[in-house]
Each structure stands twice: as C-alpha cells, then as structure tokens.
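Just below is one structure, and these are the notes that go with it.
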Amino acid sequence: DAGVIQSPRHEVTEMGQEVTLRCKPISGHNSLFWYRQTMMRGLELLIYFNNNVPIDDSGMPEDRFSAKMPNASFSTLKIQPSEPRDSAVYFCASEGTNSYEQYFGPGTRLTVT
Amino acid sequence: GIQVEQSPPDLILQEGANSTLRCNFSDSVNNLQWFHQNPWGQLINLFYIPSGTKQNGRLSATTVATERYSLLYISSSQTTDSGVYFCAVGRRGGLAFGKGNQVVVIP
C-alpha cells in the first residue's frame with residue numbers, strides 16, 4: 001500500500017498567487033481530512049469529506065481557502081490569493097470504513113513570501 | 001470542541017531510560033491515536049487506542065476512557081525516539097490534537 005500521497009512536498013510562492021495542494025488517499029478509504037500545522041496554532045482540522053462530500057468545513061480559515069473531492073481517489077486544497085500567514089505544513093489524512101484510525105500523508109510545506 | 005492536554009511538554013532522557021507521556025481529554029471519544037512526528041515532519045502512527053492497552057516493541061499505551069486519559073510508555077529509550085509525540089482524539093470526524101510532548105534522547 002502506497003499510503004496517502006501528497007504533492008507537491010514543498011511549495012514556495014509569492015503573496016497573491018494561487019496555490020493548489022493535492023492529495024490521493026489510501027485506496028478503499030472513504031473519509032479524507034485536511035489539516036494545517038503551524039507553530040502558533042499546532043495541528044488543526046480544516047475540512048473533512050466522507051464519500052466525497054464535504055461534511056465539516058468549519059476549520060477553513062476564510063473564503064480564500066477552498067477544497068474539493070471530485071472522486072474517491074483525489075482531493076485538492078486551493079488558496080487564492082495566498083498570503084504570508086498561510087505559510088504552514090498542510091497534511092492530508094484518510095480513514096477507512098471499519099475503523100476510525102487516520103493515516104497521514106507526508107505533508108506539503110508551503111511558504112508564501 | 002474537545003480539549004486535549006499533554007504532559008510533560010518537554011522531556012530530556014538519557015539513552016536507555018524509561019518515560020511516561022500523558023494525554024488528558026475533555027469529552028468521550030471514539031478515536032484516540034498517538035503519533036510520533038520525526039525530524040522530517042512526518043506523522044507516524046504509533047497506536048490507535050480509544051480504550052485498553054496495546055504494546056508494540058519498546059512502546060506501549062493505555063487508555064482509560066472512563067477517566068479520559070491515555071498514557072504512552074517508552075522503555076529503554078533510543079536516540080531515534082527523539083521527536084514530538086502527539087495525542088489526538090475525536091468522535092466521528094476530524095481529530096483534535098494536543099500540543100505535543102517534545103522528547104530528546106541523548107546518548
């Protein structure tokens with residue numbers, strides 16, 4: 001099993017640019033989560049999907065952030081326009097149907113200058 | 001939301017020593033996981049343990065759900081055990097993370 005796959009692993013962009021982060025969950029898992037890790041706020045949930053449907057997006061910081069899951073094997077997190085305070089590590093995680101255990105991808109380190 | 005407190009926040013161990021990390025949480029949960037974040041930033045699953053006791057090599061964990069706490073035991077610590085240990089809890093849906101236990105094992 002390849003685990004949760006995220007791309008890119010590192011992203012450096014300028015303020016105002018659009019950023020798209022990608023995630024492929026573990027095959028057969030039906031829940032997908034996006035988290036963000038910063039020094040100030042630690043690890044926090046942004047949004048989660050169940051069977052490709054967004055269930056809870058209360059953690060999305062503002063309208064500049066959007067997430068989609070067009071099919072069971074792919075999700076995107078988009079920031080438009082990006083700001084320096086969006087700099088963080090963004091993790092994607094997935095969860096199967098028979099357990100609540102979540103598995104995390106390697107993360108995308110985003111730097112907005 | 002559910003509050004998660006981890007203690008101690010920082011721990012320095014001599015190689016070979018044993019230690020106990022604690023996680024307190026504020027509400028009943030269906031999911032409790034312990035992770036190790038390595039120096040490269042990866043979150044490694046250690047235990048999925050909403051209740052009971054599990055062991056994996058030198059690591060073991062116990063969760064007492066009725067009293068809302070979990071313990072992670074590290075025995076015969078090695079330098080590779082260094083890093084941040086996170087406790088995360090939840091019901092159906094996303095996890096709430098504690099601030100972590102920063103562990104440094106010195107040779």
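Naming scheme: A, B, ... for chains in displayed order of the structure tokens; residues 1 onward per chain; ligands 1 onward as shown.
Near chain A, the residues of chain B that fall inside 10 Å (using only C-alpha atoms) are Asn30, Asn31, Leu32, Gln33, Phe35, Trp40, Gly41, Gln42, Leu43, Ile44, Asn45, Phe47, Tyr48, Ile49, Pro50, Phe86, Ala88, Gly90, Arg91, Arg92, Gly93, Gly94, Leu95, Ala96, Phe97, Gly98, Lys99 and Gly100 of chain B.
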Within 10 Å of Pro9 of chain B, counting only C-alpha atoms, which residues qualify if same-chain residues fewer than 6 places away don't, as a PyMOL selection string?
-> chain B and resi 21-22+84-85+99-103
Could you write out the selected residues, including all heavy atoms, as a PDB file, in the first residue's frame?
```
ATOM      1  N   LEU B  21       4.385   9.459  28.982  1.00  0.00           N
ATOM      2  CA  LEU B  21       3.743  10.670  28.486  1.00  0.00           C
ATOM      3  C   LEU B  21       2.244  10.546  28.759  1.00  0.00           C
ATOM      4  O   LEU B  21       1.674   9.460  28.622  1.00  0.00           O
ATOM      5  CB  LEU B  21       3.994  10.841  26.985  1.00  0.00           C
ATOM      6  CG  LEU B  21       5.456  10.735  26.530  1.00  0.00           C
ATOM      7  CD1 LEU B  21       5.541  10.894  25.020  1.00  0.00           C
ATOM      8  CD2 LEU B  21       6.334  11.726  27.252  1.00  0.00           C
ATOM      9  N   ARG B  22       1.627  11.676  29.113  1.00  0.00           N
ATOM     10  CA  ARG B  22       0.211  11.636  29.486  1.00  0.00           C
ATOM     11  C   ARG B  22      -0.614  12.534  28.578  1.00  0.00           C
ATOM     12  O   ARG B  22      -0.168  13.620  28.174  1.00  0.00           O
ATOM     13  CB  ARG B  22       0.022  12.089  30.937  1.00  0.00           C
ATOM     14  CG  ARG B  22      -1.419  11.936  31.438  1.00  0.00           C
ATOM     15  CD  ARG B  22      -1.553  12.314  32.896  1.00  0.00           C
ATOM     16  NE  ARG B  22      -2.944  12.191  33.340  1.00  0.00           N
ATOM     17  CZ  ARG B  22      -3.411  11.186  34.070  1.00  0.00           C
ATOM     18  NH1 ARG B  22      -2.614  10.216  34.472  1.00  0.00           N
ATOM     19  NH2 ARG B  22      -4.692  11.151  34.440  1.00  0.00           N
ATOM     20  N   VAL B  84       8.609  14.726  18.457  1.00  0.00           N
ATOM     21  CA  VAL B  84       7.415  15.185  19.158  1.00  0.00           C
ATOM     22  C   VAL B  84       6.354  14.088  19.099  1.00  0.00           C
ATOM     23  O   VAL B  84       6.105  13.519  18.035  1.00  0.00           O
ATOM     24  CB  VAL B  84       6.859  16.477  18.536  1.00  0.00           C
ATOM     25  CG1 VAL B  84       5.653  16.965  19.331  1.00  0.00           C
ATOM     26  CG2 VAL B  84       7.938  17.560  18.493  1.00  0.00           C
ATOM     27  N   TYR B  85       5.771  13.822  20.250  1.00  0.00           N
ATOM     28  CA  TYR B  85       4.711  12.826  20.347  1.00  0.00           C
ATOM     29  C   TYR B  85       3.378  13.557  20.511  1.00  0.00           C
ATOM     30  O   TYR B  85       3.228  14.393  21.408  1.00  0.00           O
ATOM     31  CB  TYR B  85       4.960  11.891  21.535  1.00  0.00           C
ATOM     32  CG  TYR B  85       6.144  10.992  21.299  1.00  0.00           C
ATOM     33  CD1 TYR B  85       7.447  11.457  21.473  1.00  0.00           C
ATOM     34  CD2 TYR B  85       5.972   9.682  20.856  1.00  0.00           C
ATOM     35  CE1 TYR B  85       8.543  10.637  21.222  1.00  0.00           C
ATOM     36  CE2 TYR B  85       7.061   8.857  20.611  1.00  0.00           C
ATOM     37  CZ  TYR B  85       8.338   9.352  20.791  1.00  0.00           C
ATOM     38  OH  TYR B  85       9.429   8.547  20.534  1.00  0.00           O
ATOM     39  N   LYS B  99      -0.810  19.670  22.142  1.00  0.00           N
ATOM     40  CA  LYS B  99       0.334  20.475  21.705  1.00  0.00           C
ATOM     41  C   LYS B  99       1.600  19.640  21.578  1.00  0.00           C
ATOM     42  O   LYS B  99       2.619  20.124  21.079  1.00  0.00           O
ATOM     43  CB  LYS B  99       0.563  21.633  22.667  1.00  0.00           C
ATOM     44  CG  LYS B  99      -0.558  22.660  22.636  1.00  0.00           C
ATOM     45  CD  LYS B  99      -0.282  23.831  23.551  1.00  0.00           C
ATOM     46  CE  LYS B  99      -1.412  24.858  23.458  1.00  0.00           C
ATOM     47  NZ  LYS B  99      -1.174  26.017  24.357  1.00  0.00           N
ATOM     48  N   GLY B 100       1.556  18.411  22.055  1.00  0.00           N
ATOM     49  CA  GLY B 100       2.680  17.505  21.864  1.00  0.00           C
ATOM     50  C   GLY B 100       3.625  17.443  23.043  1.00  0.00           C
ATOM     51  O   GLY B 100       3.649  18.323  23.917  1.00  0.00           O
ATOM     52  N   ASN B 101       4.391  16.358  23.073  1.00  0.00           N
ATOM     53  CA  ASN B 101       5.482  16.182  24.046  1.00  0.00           C
ATOM     54  C   ASN B 101       6.784  16.165  23.239  1.00  0.00           C
ATOM     55  O   ASN B 101       6.966  15.269  22.414  1.00  0.00           O
ATOM     56  CB  ASN B 101       5.382  14.844  24.798  1.00  0.00           C
ATOM     57  CG  ASN B 101       4.026  14.603  25.428  1.00  0.00           C
ATOM     58  OD1 ASN B 101       3.161  13.957  24.819  1.00  0.00           O
ATOM     59  ND2 ASN B 101       3.844  15.078  26.630  1.00  0.00           N
ATOM     60  N   GLN B 102       7.636  17.156  23.488  1.00  0.00           N
ATOM     61  CA  GLN B 102       8.933  17.196  22.805  1.00  0.00           C
ATOM     62  C   GLN B 102       9.908  16.329  23.594  1.00  0.00           C
ATOM     63  O   GLN B 102      10.231  16.646  24.746  1.00  0.00           O
ATOM     64  CB  GLN B 102       9.446  18.637  22.719  1.00  0.00           C
ATOM     65  CG  GLN B 102      10.848  18.760  22.169  1.00  0.00           C
ATOM     66  CD  GLN B 102      10.896  18.709  20.651  1.00  0.00           C
ATOM     67  OE1 GLN B 102      10.242  19.493  19.980  1.00  0.00           O
ATOM     68  NE2 GLN B 102      11.660  17.781  20.114  1.00  0.00           N
ATOM     69  N   VAL B 103      10.376  15.261  22.974  1.00  0.00           N
ATOM     70  CA  VAL B 103      11.274  14.315  23.643  1.00  0.00           C
ATOM     71  C   VAL B 103      12.645  14.363  22.976  1.00  0.00           C
ATOM     72  O   VAL B 103      12.742  14.272  21.745  1.00  0.00           O
ATOM     73  CB  VAL B 103      10.710  12.887  23.583  1.00  0.00           C
ATOM     74  CG1 VAL B 103      11.718  11.882  24.151  1.00  0.00           C
ATOM     75  CG2 VAL B 103       9.385  12.801  24.340  1.00  0.00           C
TER      76      VAL B 103
END
```
Would you please extract all helix (DSSP H, G or I) residues from chain B, as assigned by DSSP on the backbone, and give them as a ChimeraX atom specification?
-> /B:65-67,79-81
Output for the residues just chosen: all heavy atoms as a short mmCIF file (atom, residue, chain, number, x, y, z; two decimals), in the first residue's frame:
```
data_model
loop_
_atom_site.label_atom_id
_atom_site.label_comp_id
_atom_site.auth_asym_id
_atom_site.auth_seq_id
_atom_site.Cartn_x
_atom_site.Cartn_y
_atom_site.Cartn_z
N ALA B 65 -10.75 5.20 29.15
CA ALA B 65 -11.74 6.09 28.53
C ALA B 65 -12.68 6.71 29.57
O ALA B 65 -13.07 7.87 29.45
CB ALA B 65 -12.53 5.32 27.48
N THR B 66 -13.03 5.94 30.58
CA THR B 66 -13.97 6.44 31.59
C THR B 66 -13.38 7.61 32.38
O THR B 66 -14.11 8.44 32.90
CB THR B 66 -14.38 5.33 32.55
OG1 THR B 66 -13.19 4.72 33.08
CG2 THR B 66 -15.21 4.27 31.83
N GLU B 67 -12.04 7.64 32.47
CA GLU B 67 -11.39 8.73 33.21
C GLU B 67 -10.74 9.74 32.27
O GLU B 67 -10.08 10.67 32.71
CB GLU B 67 -10.37 8.15 34.20
CG GLU B 67 -11.03 7.28 35.27
CD GLU B 67 -10.06 6.83 36.34
OE1 GLU B 67 -9.00 7.48 36.50
OE2 GLU B 67 -10.35 5.83 37.02
N THR B 79 18.06 7.02 20.77
CA THR B 79 18.13 8.37 20.17
C THR B 79 17.10 8.54 19.06
O THR B 79 16.61 9.64 18.82
CB THR B 79 19.54 8.65 19.64
OG1 THR B 79 19.91 7.63 18.72
CG2 THR B 79 20.56 8.70 20.78
N THR B 80 16.75 7.44 18.42
CA THR B 80 15.74 7.51 17.35
C THR B 80 14.34 7.78 17.88
O THR B 80 13.43 8.05 17.10
CB THR B 80 15.74 6.21 16.54
OG1 THR B 80 15.60 5.11 17.46
CG2 THR B 80 17.01 6.07 15.72
N ASP B 81 14.16 7.71 19.19
CA ASP B 81 12.86 8.04 19.79
C ASP B 81 12.67 9.55 19.91
O ASP B 81 11.56 10.01 20.23
CB ASP B 81 12.73 7.42 21.19
CG ASP B 81 12.72 5.90 21.16
OD1 ASP B 81 12.27 5.32 20.16
OD2 ASP B 81 13.18 5.29 22.15
#
```
Identify, on the basis of only C-alpha atoms, every residue whose closest approach to Glu11 of chain A does not exceed 10 Å; exclude the query and any residue fewer than 5 positions from it along the same chain; express the result as a ChimeraX atom specification.
-> /A:19-21,87,89,108-112
Every residue of segment 37-107 of chain A that DSSP places in strand (DSSP E or B), as a ChimeraX atom specification | /A:37-38,42-50,53-56,65-71,74-79,88-95,102-104
For the selection you just gave me, I'd like the residues written to a file as a short mmCIF file (atom, residue, chain, number, x, y, z; two decimals), in the first residue's frame, keeping N, CA, C and O atoms.
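After the write, again25.cif holds the following:
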```cif
data_model
loop_
_atom_site.label_atom_id
_atom_site.label_comp_id
_atom_site.auth_asym_id
_atom_site.auth_seq_id
_atom_site.Cartn_x
_atom_site.Cartn_y
_atom_site.Cartn_z
N GLN A 37 -0.58 22.62 10.06
CA GLN A 37 0.28 22.70 11.25
C GLN A 37 1.10 23.98 11.21
O GLN A 37 1.85 24.21 10.25
N THR A 38 0.97 24.80 12.23
CA THR A 38 1.77 25.99 12.40
C THR A 38 2.33 26.01 13.82
O THR A 38 1.83 25.33 14.72
N GLY A 42 -0.52 24.95 16.22
CA GLY A 42 -0.38 23.50 16.25
C GLY A 42 -1.08 22.86 15.06
O GLY A 42 -1.19 23.45 13.99
N LEU A 43 -1.56 21.65 15.26
CA LEU A 43 -2.27 20.90 14.22
C LEU A 43 -3.76 21.14 14.35
O LEU A 43 -4.33 20.91 15.42
N GLU A 44 -4.38 21.58 13.28
CA GLU A 44 -5.81 21.87 13.33
C GLU A 44 -6.50 21.37 12.07
O GLU A 44 -5.93 21.41 10.97
N LEU A 45 -7.73 20.90 12.25
CA LEU A 45 -8.53 20.39 11.15
C LEU A 45 -9.07 21.55 10.32
O LEU A 45 -9.60 22.51 10.87
N LEU A 46 -8.92 21.44 9.01
CA LEU A 46 -9.50 22.45 8.12
C LEU A 46 -10.86 21.99 7.59
O LEU A 46 -11.85 22.71 7.67
N ILE A 47 -10.90 20.77 7.03
CA ILE A 47 -12.13 20.28 6.41
C ILE A 47 -12.05 18.76 6.34
O ILE A 47 -10.96 18.21 6.29
N TYR A 48 -13.23 18.09 6.37
CA TYR A 48 -13.19 16.69 6.06
C TYR A 48 -14.35 16.27 5.17
O TYR A 48 -15.41 16.88 5.19
N PHE A 49 -14.09 15.26 4.37
CA PHE A 49 -15.01 14.70 3.40
C PHE A 49 -15.34 13.26 3.80
O PHE A 49 -14.49 12.52 4.27
N ASN A 50 -16.60 12.89 3.55
CA ASN A 50 -17.00 11.50 3.67
C ASN A 50 -17.70 11.11 2.38
O ASN A 50 -18.65 11.79 1.96
N VAL A 53 -18.13 13.90 -0.12
CA VAL A 53 -18.99 15.02 0.24
C VAL A 53 -18.38 15.77 1.42
O VAL A 53 -18.02 15.14 2.42
N PRO A 54 -18.26 17.11 1.32
CA PRO A 54 -17.74 17.86 2.47
C PRO A 54 -18.72 17.81 3.63
O PRO A 54 -19.90 18.14 3.46
N ILE A 55 -18.23 17.39 4.79
CA ILE A 55 -19.09 17.23 5.96
C ILE A 55 -18.92 18.38 6.95
O ILE A 55 -19.87 18.88 7.53
N ASP A 56 -17.68 18.78 7.16
CA ASP A 56 -17.39 19.82 8.15
C ASP A 56 -16.27 20.69 7.61
O ASP A 56 -15.14 20.24 7.51
N PHE A 65 -9.76 30.04 1.06
CA PHE A 65 -9.49 28.61 1.07
C PHE A 65 -10.70 27.85 0.51
O PHE A 65 -11.84 28.13 0.87
N SER A 66 -10.42 26.89 -0.37
CA SER A 66 -11.49 26.02 -0.86
C SER A 66 -10.93 24.62 -1.05
O SER A 66 -9.74 24.45 -1.32
N ALA A 67 -11.78 23.62 -0.89
CA ALA A 67 -11.36 22.24 -1.06
C ALA A 67 -12.41 21.49 -1.86
O ALA A 67 -13.61 21.76 -1.74
N LYS A 68 -11.92 20.55 -2.67
CA LYS A 68 -12.81 19.73 -3.49
C LYS A 68 -12.36 18.28 -3.42
O LYS A 68 -11.19 17.98 -3.17
N MET A 69 -13.33 17.40 -3.66
CA MET A 69 -13.02 15.98 -3.79
C MET A 69 -13.87 15.44 -4.93
O MET A 69 -14.98 14.94 -4.72
N PRO A 70 -13.36 15.56 -6.15
CA PRO A 70 -14.16 15.17 -7.32
C PRO A 70 -14.40 13.68 -7.44
O PRO A 70 -15.38 13.26 -8.07
N ASN A 71 -13.52 12.87 -6.84
CA ASN A 71 -13.73 11.43 -6.84
C ASN A 71 -13.04 10.82 -5.63
O ASN A 71 -12.36 11.53 -4.88
N PHE A 74 -8.99 11.42 -5.13
CA PHE A 74 -8.29 12.69 -5.36
C PHE A 74 -9.00 13.84 -4.64
O PHE A 74 -10.22 13.96 -4.70
N SER A 75 -8.19 14.70 -4.03
CA SER A 75 -8.72 15.90 -3.40
C SER A 75 -7.73 17.04 -3.59
O SER A 75 -6.52 16.81 -3.69
N THR A 76 -8.25 18.25 -3.65
CA THR A 76 -7.41 19.44 -3.74
C THR A 76 -7.78 20.43 -2.65
O THR A 76 -8.94 20.52 -2.24
N LEU A 77 -6.78 21.16 -2.21
CA LEU A 77 -6.97 22.31 -1.31
C LEU A 77 -6.36 23.51 -2.02
O LEU A 77 -5.18 23.48 -2.38
N LYS A 78 -7.17 24.52 -2.25
CA LYS A 78 -6.73 25.68 -3.02
C LYS A 78 -6.75 26.92 -2.15
O LYS A 78 -7.70 27.13 -1.36
N ILE A 79 -5.74 27.74 -2.30
CA ILE A 79 -5.68 29.03 -1.61
C ILE A 79 -5.52 30.11 -2.68
O ILE A 79 -4.58 30.07 -3.47
N ALA A 88 2.69 27.25 6.20
CA ALA A 88 2.43 26.18 7.16
C ALA A 88 2.74 24.86 6.47
O ALA A 88 3.07 24.81 5.30
N VAL A 89 2.60 23.77 7.25
CA VAL A 89 2.63 22.44 6.65
C VAL A 89 1.18 21.96 6.58
O VAL A 89 0.47 21.99 7.59
N TYR A 90 0.77 21.55 5.40
CA TYR A 90 -0.60 21.07 5.18
C TYR A 90 -0.56 19.56 5.03
O TYR A 90 0.15 19.02 4.18
N PHE A 91 -1.33 18.89 5.89
CA PHE A 91 -1.39 17.43 5.87
C PHE A 91 -2.75 16.98 5.35
O PHE A 91 -3.79 17.57 5.66
N CYS A 92 -2.72 15.89 4.62
CA CYS A 92 -3.92 15.19 4.22
C CYS A 92 -3.92 13.84 4.94
O CYS A 92 -2.85 13.24 5.13
N ALA A 93 -5.09 13.39 5.36
CA ALA A 93 -5.21 12.10 6.03
C ALA A 93 -6.44 11.38 5.50
O ALA A 93 -7.38 12.01 5.01
N SER A 94 -6.41 10.05 5.59
CA SER A 94 -7.59 9.30 5.19
C SER A 94 -7.94 8.24 6.22
O SER A 94 -7.10 7.86 7.05
N GLU A 95 -9.18 7.80 6.17
CA GLU A 95 -9.73 6.87 7.16
C GLU A 95 -10.64 5.89 6.44
O GLU A 95 -11.39 6.26 5.54
N GLN A 102 -6.87 7.19 11.51
CA GLN A 102 -6.49 8.03 10.39
C GLN A 102 -5.01 7.85 10.08
O GLN A 102 -4.18 7.69 10.98
N TYR A 103 -4.72 7.91 8.78
CA TYR A 103 -3.35 7.78 8.27
C TYR A 103 -2.99 9.06 7.54
O TYR A 103 -3.76 9.52 6.68
N PHE A 104 -1.82 9.59 7.87
CA PHE A 104 -1.42 10.89 7.35
C PHE A 104 -0.44 10.76 6.20
O PHE A 104 0.43 9.87 6.19
#
```
How many Å lie between atom CA of Gly59 of chain A and atom CA of Cys23 of chain A, rounded to one decimal?
-> 18.0 Å
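Between atom CA of Leu13 of chain B and atom CA of Leu59 of chain B lies a distance of 15.1 Å.
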Who sits within 12 Å of Ser82 of chain B, only C-alpha atoms, same chain under 6 positions skipped, as an MDAnalysis selection string | chainID B and resid 10:15 36:40 74 101:107
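Across B:Ser70, B:Ser60, B:Ser19, B:Ser28, the tightest approach to Gln6 of chain B is made by B:Ser70 when counting only C-alpha atoms.
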Show which residues sit within 9 Å of Gly16 of chain A, as a ChimeraX atom specification. Count only C-alpha atoms, and ignore same-chain residues fewer than 3 positions away.
-> /A:13,80-83,112
Output N, CA, C and O atoms for every residue in the selection just made, as a PDB file, in the first residue's frame.
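Output file part.pdb follows:
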```
ATOM      1  N   THR A  13       5.836  30.303  -2.963  1.00  0.00           N
ATOM      2  CA  THR A  13       5.100  31.161  -3.877  1.00  0.00           C
ATOM      3  C   THR A  13       5.079  32.579  -3.333  1.00  0.00           C
ATOM      4  O   THR A  13       5.384  32.826  -2.159  1.00  0.00           O
ATOM      5  N   GLN A  80      -6.471  31.024  -2.714  1.00  0.00           N
ATOM      6  CA  GLN A  80      -6.453  32.075  -3.727  1.00  0.00           C
ATOM      7  C   GLN A  80      -7.116  33.333  -3.189  1.00  0.00           C
ATOM      8  O   GLN A  80      -8.324  33.293  -2.893  1.00  0.00           O
ATOM      9  N   PRO A  81      -6.408  34.434  -3.035  1.00  0.00           N
ATOM     10  CA  PRO A  81      -4.972  34.590  -3.190  1.00  0.00           C
ATOM     11  C   PRO A  81      -4.234  34.182  -1.912  1.00  0.00           C
ATOM     12  O   PRO A  81      -4.763  34.299  -0.816  1.00  0.00           O
ATOM     13  N   SER A  82      -3.007  33.734  -2.060  1.00  0.00           N
ATOM     14  CA  SER A  82      -2.224  33.320  -0.892  1.00  0.00           C
ATOM     15  C   SER A  82      -1.647  34.542  -0.165  1.00  0.00           C
ATOM     16  O   SER A  82      -1.427  35.605  -0.767  1.00  0.00           O
ATOM     17  N   GLU A  83      -1.441  34.362   1.139  1.00  0.00           N
ATOM     18  CA  GLU A  83      -0.856  35.403   1.984  1.00  0.00           C
ATOM     19  C   GLU A  83       0.262  34.788   2.819  1.00  0.00           C
ATOM     20  O   GLU A  83       0.248  33.571   3.067  1.00  0.00           O
ATOM     21  N   VAL A 112       4.852  31.226   1.729  1.00  0.00           N
ATOM     22  CA  VAL A 112       4.341  32.343   0.943  1.00  0.00           C
ATOM     23  C   VAL A 112       5.172  33.582   1.300  1.00  0.00           C
ATOM     24  O   VAL A 112       5.193  34.000   2.468  1.00  0.00           O
TER      25      VAL A 112
END
```
Among the residues B:Thr62, B:Ser7, B:Cys87, B:Gly16, the one that comes closest to Ser75 of chain B [using only C-alpha atoms] | B:Gly16
